[in-house]
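For reference, work-v6.pdb (PDB, C-alpha atoms, pLDDT in the B column):
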```pdb
ATOM      1  CA  TYR A   1     -36.107 -49.743 153.418  1.00 65.00           C
ATOM      2  CA  GLY A   2     -35.451 -46.478 151.736  1.00 72.00           C
ATOM      3  CA  THR A   3     -33.744 -44.776 148.855  1.00 77.00           C
ATOM      4  CA  VAL A   4     -31.373 -41.836 148.779  1.00 77.00           C
ATOM      5  CA  ASN A   5     -30.754 -39.987 145.531  1.00 79.00           C
ATOM      6  CA  TYR A   6     -28.168 -37.244 145.456  1.00 78.00           C
ATOM      7  CA  ASN A   7     -26.174 -35.905 142.524  1.00 78.00           C
ATOM      8  CA  TYR A   8     -22.604 -35.531 143.803  1.00 78.00           C
ATOM      9  CA  LYS A   9     -20.441 -33.007 141.995  1.00 79.00           C
ATOM     10  CA  LYS A  10     -16.747 -32.202 142.105  1.00 82.00           C
ATOM     11  CA  LEU A  11     -15.721 -35.326 143.998  1.00 83.00           C
ATOM     12  CA  PRO A  12     -11.954 -35.818 144.172  1.00 84.00           C
ATOM     13  CA  LEU A  13     -10.468 -38.488 141.916  1.00 80.00           C
ATOM     14  CA  GLY A  14      -9.633 -41.742 143.688  1.00 75.00           C
ATOM     15  CA  ILE A  15     -11.286 -43.605 146.541  1.00 77.00           C
ATOM     16  CA  ASN A  16     -14.178 -41.817 148.238  1.00 81.00           C
ATOM     17  CA  LYS A  17     -16.419 -42.903 151.117  1.00 85.00           C
ATOM     18  CA  ILE A  18     -20.015 -42.174 152.007  1.00 87.00           C
ATOM     19  CA  LYS A  19     -21.277 -42.932 155.487  1.00 89.00           C
ATOM     20  CA  PHE A  20     -25.007 -43.373 156.077  1.00 88.00           C
ATOM     21  CA  GLN A  21     -26.765 -43.176 159.430  1.00 89.00           C
ATOM     22  CA  ALA A  22     -30.421 -43.927 160.041  1.00 88.00           C
ATOM     23  CA  TYR A  23     -32.558 -44.079 163.174  1.00 89.00           C
ATOM     24  CA  ASP A  24     -35.624 -46.192 163.828  1.00 89.00           C
ATOM     25  CA  ILE A  25     -38.652 -45.090 165.844  1.00 90.00           C
ATOM     26  CA  PHE A  26     -36.950 -46.291 169.052  1.00 94.00           C
ATOM     27  CA  ASN A  27     -33.917 -44.079 168.341  1.00 92.00           C
ATOM     28  CA  ASN A  28     -31.665 -47.066 167.514  1.00 94.00           C
ATOM     29  CA  ILE A  29     -28.958 -46.120 165.051  1.00 92.00           C
ATOM     30  CA  GLY A  30     -27.899 -48.075 161.995  1.00 91.00           C
ATOM     31  CA  GLU A  31     -24.777 -47.207 160.033  1.00 91.00           C
ATOM     32  CA  ALA A  32     -23.295 -48.247 156.701  1.00 88.00           C
ATOM     33  CA  GLU A  33     -20.274 -47.072 154.775  1.00 85.00           C
ATOM     34  CA  VAL A  34     -19.703 -47.361 151.034  1.00 79.00           C
ATOM     35  CA  GLU A  35     -16.348 -46.929 149.280  1.00 75.00           C
ATOM     36  CA  PHE A  36     -16.194 -46.094 145.586  1.00 73.00           C
ATOM     37  CA  LEU A  37     -13.627 -45.033 143.030  1.00 71.00           C
ATOM     38  CA  VAL A  38     -14.031 -41.794 141.053  1.00 75.00           C
ATOM     39  CA  ALA A  39     -12.306 -41.612 137.662  1.00 71.00           C
ATOM     40  CA  ASN A  40     -12.143 -38.724 135.194  1.00 70.00           C
ATOM     41  CA  ASP A  41     -13.469 -40.663 132.197  1.00 66.00           C
ATOM     42  CA  SER A  42     -15.281 -43.863 131.264  1.00 73.00           C
ATOM     43  CA  LYS A  43     -12.130 -45.982 131.197  1.00 81.00           C
ATOM     44  CA  VAL A  44     -11.624 -48.787 133.657  1.00 84.00           C
ATOM     45  CA  ALA A  45      -9.454 -47.539 136.517  1.00 82.00           C
ATOM     46  CA  LEU A  46      -7.674 -49.974 138.850  1.00 86.00           C
ATOM     47  CA  GLN A  47      -6.290 -49.011 142.249  1.00 86.00           C
ATOM     48  CA  ASN A  48      -4.856 -50.773 145.282  1.00 90.00           C
ATOM     49  CA  VAL A  49      -3.791 -53.867 143.322  1.00 95.00           C
ATOM     50  CA  LEU A  50      -2.242 -56.387 145.725  1.00 96.00           C
ATOM     51  CA  ASN A  51      -2.115 -60.008 146.737  1.00 96.00           C
ATOM     52  CA  TYR A  52      -2.549 -61.108 150.342  1.00 96.00           C
ATOM     53  CA  PRO A  53      -0.739 -62.612 152.045  1.00 96.00           C
ATOM     54  CA  ASN A  54       2.488 -61.603 150.369  1.00 95.00           C
ATOM     55  CA  PRO A  55       4.879 -63.355 150.832  1.00 94.00           C
ATOM     56  CA  PHE A  56       2.925 -66.614 151.033  1.00 96.00           C
ATOM     57  CA  THR A  57       3.525 -70.348 151.353  1.00 94.00           C
ATOM     58  CA  THR A  58       0.307 -72.195 150.441  1.00 93.00           C
ATOM     59  CA  LYS A  59      -2.160 -69.693 148.961  1.00 95.00           C
ATOM     60  CA  THR A  60      -2.747 -66.024 148.251  1.00 96.00           C
ATOM     61  CA  SER A  61      -5.691 -63.990 146.989  1.00 97.00           C
ATOM     62  CA  PHE A  62      -5.674 -61.090 144.553  1.00 96.00           C
ATOM     63  CA  HIS A  63      -7.415 -57.817 145.446  1.00 95.00           C
ATOM     64  CA  PHE A  64      -8.063 -54.513 143.702  1.00 93.00           C
ATOM     65  CA  ASP A  65     -10.489 -51.603 143.601  1.00 89.00           C
ATOM     66  CA  HIS A  66     -12.081 -50.365 140.385  1.00 88.00           C
ATOM     67  CA  ASN A  67     -14.593 -47.839 139.082  1.00 84.00           C
ATOM     68  CA  LYS A  68     -17.002 -50.239 137.323  1.00 85.00           C
ATOM     69  CA  ALA A  69     -19.167 -51.377 140.242  1.00 84.00           C
ATOM     70  CA  GLY A  70     -22.418 -52.988 139.141  1.00 86.00           C
ATOM     71  CA  GLN A  71     -21.095 -53.910 135.708  1.00 88.00           C
ATOM     72  CA  ASP A  72     -20.131 -57.294 134.297  1.00 91.00           C
ATOM     73  CA  MET A  73     -16.412 -57.663 133.818  1.00 93.00           C
ATOM     74  CA  GLN A  74     -13.673 -60.107 132.940  1.00 94.00           C
ATOM     75  CA  VAL A  75     -10.668 -60.405 135.222  1.00 94.00           C
ATOM     76  CA  LEU A  76      -7.421 -62.038 134.120  1.00 96.00           C
ATOM     77  CA  VAL A  77      -4.499 -62.632 136.476  1.00 97.00           C
ATOM     78  CA  GLN A  78      -1.253 -63.849 134.907  1.00 97.00           C
ATOM     79  CA  ILE A  79       1.803 -64.839 136.947  1.00 97.00           C
ATOM     80  CA  PHE A  80       5.249 -64.564 135.328  1.00 97.00           C
ATOM     81  CA  THR A  81       8.811 -65.450 136.260  1.00 95.00           C
ATOM     82  CA  VAL A  82      11.117 -62.441 136.515  1.00 94.00           C
ATOM     83  CA  SER A  83      12.458 -63.398 133.081  1.00 94.00           C
ATOM     84  CA  GLY A  84       8.938 -63.060 131.602  1.00 93.00           C
ATOM     85  CA  LYS A  85       7.837 -66.704 131.252  1.00 95.00           C
ATOM     86  CA  ILE A  86       4.150 -67.122 132.064  1.00 96.00           C
ATOM     87  CA  VAL A  87       3.517 -69.819 134.679  1.00 96.00           C
ATOM     88  CA  LYS A  88      -0.177 -69.390 135.523  1.00 97.00           C
ATOM     89  CA  SER A  89      -3.282 -67.741 134.035  1.00 97.00           C
ATOM     90  CA  ILE A  90      -6.504 -67.380 136.016  1.00 97.00           C
ATOM     91  CA  GLN A  91      -9.630 -65.861 134.469  1.00 96.00           C
ATOM     92  CA  ARG A  92     -12.980 -64.994 136.061  1.00 94.00           C
ATOM     93  CA  ASP A  93     -16.169 -63.599 134.577  1.00 93.00           C
ATOM     94  CA  VAL A  94     -17.852 -61.410 137.183  1.00 91.00           C
ATOM     95  CA  THR A  95     -21.523 -60.422 137.102  1.00 91.00           C
ATOM     96  CA  ALA A  96     -22.523 -57.098 138.696  1.00 86.00           C
ATOM     97  CA  ALA A  97     -19.096 -56.580 140.264  1.00 84.00           C
ATOM     98  CA  SER A  98     -18.678 -54.746 143.541  1.00 85.00           C
ATOM     99  CA  SER A  99     -16.105 -51.931 143.657  1.00 85.00           C
ATOM    100  CA  HIS A 100     -13.621 -54.154 145.541  1.00 88.00           C
ATOM    101  CA  PHE A 101     -12.560 -57.432 143.940  1.00 90.00           C
ATOM    102  CA  SER A 102     -11.065 -60.336 145.912  1.00 90.00           C
ATOM    103  CA  ASP A 103     -12.487 -63.456 144.237  1.00 88.00           C
ATOM    104  CA  ILE A 104      -9.316 -65.074 142.864  1.00 93.00           C
ATOM    105  CA  GLU A 105      -7.175 -67.320 145.041  1.00 95.00           C
ATOM    106  CA  TRP A 106      -3.986 -69.025 143.885  1.00 96.00           C
ATOM    107  CA  ASP A 107      -2.234 -72.022 145.407  1.00 95.00           C
ATOM    108  CA  GLY A 108       1.230 -71.373 143.935  1.00 94.00           C
ATOM    109  CA  LYS A 109       0.892 -74.026 141.228  1.00 95.00           C
ATOM    110  CA  ASP A 110       1.435 -73.568 137.504  1.00 95.00           C
ATOM    111  CA  ASP A 111      -1.043 -74.228 134.681  1.00 95.00           C
ATOM    112  CA  TYR A 112      -0.154 -77.946 134.822  1.00 95.00           C
ATOM    113  CA  GLY A 113      -0.803 -78.303 138.568  1.00 94.00           C
ATOM    114  CA  ASP A 114       2.868 -78.434 139.565  1.00 94.00           C
ATOM    115  CA  ALA A 115       4.223 -76.343 142.445  1.00 92.00           C
ATOM    116  CA  ILE A 116       6.518 -73.593 141.258  1.00 93.00           C
ATOM    117  CA  GLY A 117       9.692 -72.781 143.131  1.00 92.00           C
ATOM    118  CA  LYS A 118      10.158 -70.256 145.869  1.00 95.00           C
ATOM    119  CA  GLY A 119      11.178 -66.789 144.822  1.00 95.00           C
ATOM    120  CA  VAL A 120       9.937 -63.530 143.371  1.00 96.00           C
ATOM    121  CA  TYR A 121       7.319 -63.480 140.598  1.00 97.00           C
ATOM    122  CA  ILE A 122       5.545 -60.715 138.695  1.00 97.00           C
ATOM    123  CA  TYR A 123       1.810 -60.741 138.133  1.00 97.00           C
ATOM    124  CA  LYS A 124      -0.494 -58.764 135.881  1.00 97.00           C
ATOM    125  CA  VAL A 125      -4.129 -58.024 136.660  1.00 96.00           C
ATOM    126  CA  LYS A 126      -6.147 -57.137 133.562  1.00 96.00           C
ATOM    127  CA  VAL A 127      -9.780 -56.049 133.787  1.00 94.00           C
ATOM    128  CA  LYS A 128     -12.214 -55.597 130.907  1.00 93.00           C
ATOM    129  CA  ALA A 129     -15.635 -53.978 131.372  1.00 90.00           C
ATOM    130  CA  ALA A 130     -17.937 -52.460 128.746  1.00 84.00           C
ATOM    131  CA  GLY A 131     -15.226 -52.840 126.110  1.00 86.00           C
ATOM    132  CA  LYS A 132     -12.658 -50.853 128.130  1.00 87.00           C
ATOM    133  CA  THR A 133      -9.577 -52.347 129.797  1.00 90.00           C
ATOM    134  CA  ASP A 134      -6.962 -51.502 132.384  1.00 91.00           C
ATOM    135  CA  GLU A 135      -4.064 -53.494 133.737  1.00 93.00           C
ATOM    136  CA  ALA A 136      -1.548 -53.287 136.541  1.00 94.00           C
ATOM    137  CA  PHE A 137       1.632 -55.157 137.451  1.00 96.00           C
ATOM    138  CA  GLN A 138       2.822 -56.134 140.937  1.00 96.00           C
ATOM    139  CA  LYS A 139       5.274 -58.586 142.461  1.00 96.00           C
ATOM    140  CA  LEU A 140       4.676 -61.511 144.786  1.00 96.00           C
ATOM    141  CA  VAL A 141       6.956 -63.768 146.797  1.00 96.00           C
ATOM    142  CA  ILE A 142       6.601 -67.515 147.384  1.00 96.00           C
ATOM    143  CA  LEU A 143       8.376 -68.842 150.466  1.00 93.00           C
ATOM    144  CA  ASN A 144       7.969 -72.647 150.151  1.00 78.00           C
TER     145      ASN A 144
END
```
Will you turn the file into structure tokens for me?
Amino acid sequence: YGTVNYNYKKLPLGINKIKFQAYDIFNNIGEAEVEFLVANDSKVALQNVLNYPNPFTTKTSFHFDHNKAGQDMQVLVQIFTVSGKIVKSIQRDVTAASSHFSDIEWDGKDDYGDAIGKGVYIYKVKVKAAGKTDEAFQKLVILN
């Protein structure tokens, strides 16, 4: 085990990667790569918001990257019809979040447990961490 401390300066905004390599006494190599999001202030910054698979028939999961790794956060996903009617709300409280989130799955059913019809829907991902929020909208397609 070991620790690396380095004060990075002037990193470009957006997703960055650091690749680590270490050798043991037998010259075996170990590698690890870490992705992180750099933002220009303390606000929550969401990127790469998507659901996969999309389109879907039985279930999909929501994914995004953010700049609040290691912090507790609240995630709210709301699915709307194209006319704006909300059909499903899913909320998660996350402890010590990683920089990539993928912990919400959805089975295509509304808040009452009924299957919603095939078609195009809009969803909003809203994240709150340390009193700051960000949100993003995307579309999804149900095929069944």
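Using all atoms listed in the file for every distance, the candidate list A:Ala32, A:Ile79, A:Ala45, A:Leu13 yields A:Ile79 as the residue closest to Asp107 in chain A.
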### Message
Would you pick out the contacts of Gln47 in chain A at 8 Å or less, using only C-alpha atoms, so that residues sharing its chain but fewer than 3 positions from it are not included, and give the list as a list in words?
### Response
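Within the cut-off, the hits are Phe64, Asp65 and His66 of chain A.
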Could you dump the residues just selected with C-alpha atoms as a short mmCIF file (atom, residue, chain, number, x, y, z; two decimals), in the coordinates of the input?
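Heads up, here's the output in part12.cif:
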```cif
data_model
loop_
_atom_site.label_atom_id
_atom_site.label_comp_id
_atom_site.auth_asym_id
_atom_site.auth_seq_id
_atom_site.Cartn_x
_atom_site.Cartn_y
_atom_site.Cartn_z
CA PHE A 64 -8.06 -54.51 143.70
CA ASP A 65 -10.49 -51.60 143.60
CA HIS A 66 -12.08 -50.36 140.38
#
```
### Query
Quick one: which residues end up in the PyMOL selection byres ((chain A and resi 110) around 12) for this structure, as a ChimeraX atom specification?
/A:78-81,85-90,106-109,111-117
### Task
Find the residues around Leu143 in chain A up to 12 Å (only C-alpha atoms counted), leave out those fewer than 3 positions away in its own chain, and share them as a PyMOL selection string.
chain A and resi 53-60+108+115-121+140
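Put simply, CA of Gln138 in chain A is 6.6 Å away from CA of Lys124 in chain A.
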### Task
Tell me which residues the PyMOL selection byres ((chain A and resi 73) around 12) grabs here, as a ChimeraX atom specification.
/A:44,66-72,74-76,91-99,101,126-134
### Message
Using Å and a single decimal, report how far CA of Glu105 in chain A sits from CA of Tyr52 in chain A.
### Response
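Atom-to-atom, CA of Tyr52 in chain A to CA of Glu105 in chain A, that is 9.4 Å.
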### Task
For Ala22 in chain A, please output as a list of chain:residue names all residues within 12 Å (counting only C-alpha atoms; exclusion window: fewer than 2 positions along the same chain).
A:Tyr1, A:Gly2, A:Thr3, A:Val4, A:Lys19, A:Phe20, A:Asp24, A:Ile25, A:Phe26, A:Asn27, A:Asn28, A:Ile29, A:Gly30, A:Glu31, A:Ala32, A:Glu33
### Task
Evaluate the PyMOL selection byres ((chain A and resi 136) around 6) here and jot the selected residues down as a ChimeraX atom specification.
/A:124-125,135,137
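CA of Asn16 in chain A to CA of Ile122 in chain A spans 28.9 Å [interatomic distance, one decimal].
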### Task
Quick one: everything within 10 Å of Lys17 in chain A, counting all atoms listed in the file, minus sequence neighbours fewer than 6 positions away in the same chain. Send it as a ChimeraX atom specification.
/A:33-37
### Task
Counting all atoms listed in the file, figure out which residue out of A:Gln21, A:Ser83, A:Ser102, A:Asn40 gets nearest to Phe62 in chain A.
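That would be A:Ser102, the residue with the smallest distance to Phe62 in chain A.
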### Selected residue, from A:Tyr123, A:Ile18, A:His100, A:Asn51, that lies nearest to Gly84 in chain A when counting all atoms listed in the file
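Checking each candidate against Gly84 in chain A, we get A:Tyr123 as the closest.
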Around all listed atoms of range 86-102 of chain A, padded 4 Å per side, what centre and edge lengths does the axis-aligned box have in Å to one decimal, as JSON?
```
{"center_x": -9.2, "center_y": -60.9, "center_z": 139.0, "size_x": 34.7, "size_y": 25.9, "size_z": 21.8}
```
### Query
Quick one: of A:Val49, A:Asp103, A:Ala39, A:His63, who's nearest to Lys10 in chain A, counting only C-alpha atoms?
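That would be A:Ala39, the residue with the smallest distance to Lys10 in chain A.
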